[in-house]
Amino acid sequence: MEPSLDVMTLAAIQQRYGSIDPNKLVTRRRQYYSFVKYVEAGQVTTTFFGSSQGGSNRQLTNLMTPGQFDNPFVVKAIRTAYYIQNRFAVAYSGTDASTLYSDMVNGLFQSGILRVIIGGQERLILPSPFLYAPPASGSVQLHTGGLTASAGALDAVPPTVTAVAMTDVGAPPFADLTGRKDRAYLVDPYYLLEKQQSFAFTIEYPYGAIPIIGTGVTDDTTNPLYIGLYLDGTEIMNMQ
């Protein structure tokens, strides 16, 4: 009979640290995340977890030491994400450049390859990671149309409206990465990352960099677009 994943993880820990009492292990649910700027011109490779929160800020990563986890970590799910301070930096004018919708449905979020290398061994190649490993956070967004413009005038005496002009339109085009929990990418069998073990998590565009389409919204200096990776799993402590 195949051993359970928990037994396999325990065996890997014992191989690395020697005999241990599993009843004395302390575990907790934890997420590690890393966000890296995606420049408007595009980039062939984005490497995650290469900086610490001291070297950037906690908005972009919660890693204390670049390229190293605090304790042995079991990766059970992988989620991609993005961050931009203002996704409506300009008024929608009907052009592809005036909305991030263009990038969501026709740009960098529709392609790419997620590559995972642990200890020099390639463990995962996942195409279109923003589609197949989305945030899956369960968040819901509501977008409605509404009144975008109205104008009128009042007579001085008596104060009655003489002219009114209104425009009732829908919201500009909008798309996002799926938040449905059942779309989460679960790692099976999951990965055990030892402390100080070499690893690489990258998103690559092997056929060439894909530039940002919504350049009226993004700006590499004032409103940059960041793409991110979450590792969701279990941290193992008290290895002595």
# chains A, B, ... in the order shown; residues from 1 in each chain; ligands from 1
>>> select_by_dssp(residues="segment 47-129 of chain A", states="strand (DSSP E or B)", output="MDAnalysis selection string")
chainID A and resid 47 61 65 68 73:84 113:118 121:127
>>> residues_around(residues="Ser98 of chain A", least_positions_apart="2", cutoff="6 Å", atoms="only C-alpha atoms", output="list in words")
Tyr92, Thr95, Asp96, Gly214, Gly216 and Val217 of chain A
>>> closest_residue(among="A:Gln68, A:Pro211, A:Val75, A:Leu131", to="Val105 of chain A", atoms="only C-alpha atoms")
A:Leu131
>>> closest_residue(among="A:Ser198, A:Gln59, A:Thr218, A:Ser52", to="Gly120 of chain A", atoms="only C-alpha atoms")
A:Ser198
>>> residues_around(residues="Val116 of chain A", least_positions_apart="5", cutoff="10 Å", atoms="only C-alpha atoms", output="JSON list (two decimals) with C-alpha atoms, in the first residue's frame")
[["chain", "number", "residue", "atom", "x", "y", "z"],
["A", 121, "GLN", "CA", 15.17, 19.12, -9.58],
["A", 122, "GLU", "CA", 12.33, 20.39, -11.75],
["A", 123, "ARG", "CA", 9.09, 19.64, -9.91],
["A", 124, "LEU", "CA", 6.42, 21.49, -11.90],
["A", 125, "ILE", "CA", 5.78, 23.06, -15.30],
["A", 126, "LEU", "CA", 2.33, 24.67, -15.35],
["A", 199, "PHE", "CA", 14.64, 26.55, -4.90],
["A", 200, "ALA", "CA", 13.33, 28.63, -7.77],
["A", 201, "PHE", "CA", 9.78, 29.73, -8.53],
["A", 202, "THR", "CA", 9.52, 31.55, -11.85],
["A", 203, "ILE", "CA", 6.94, 32.63, -14.40]]
>>> closest_residue(among="A:Ile118, A:Ala209, A:Leu225, A:Val187", to="Ala77 of chain A", atoms="only C-alpha atoms")
A:Val187
>>> closest_residue(among="A:Thr45, A:Thr234, A:Asn62, A:Thr80", to="Ser128 of chain A", atoms="only C-alpha atoms")
A:Thr80
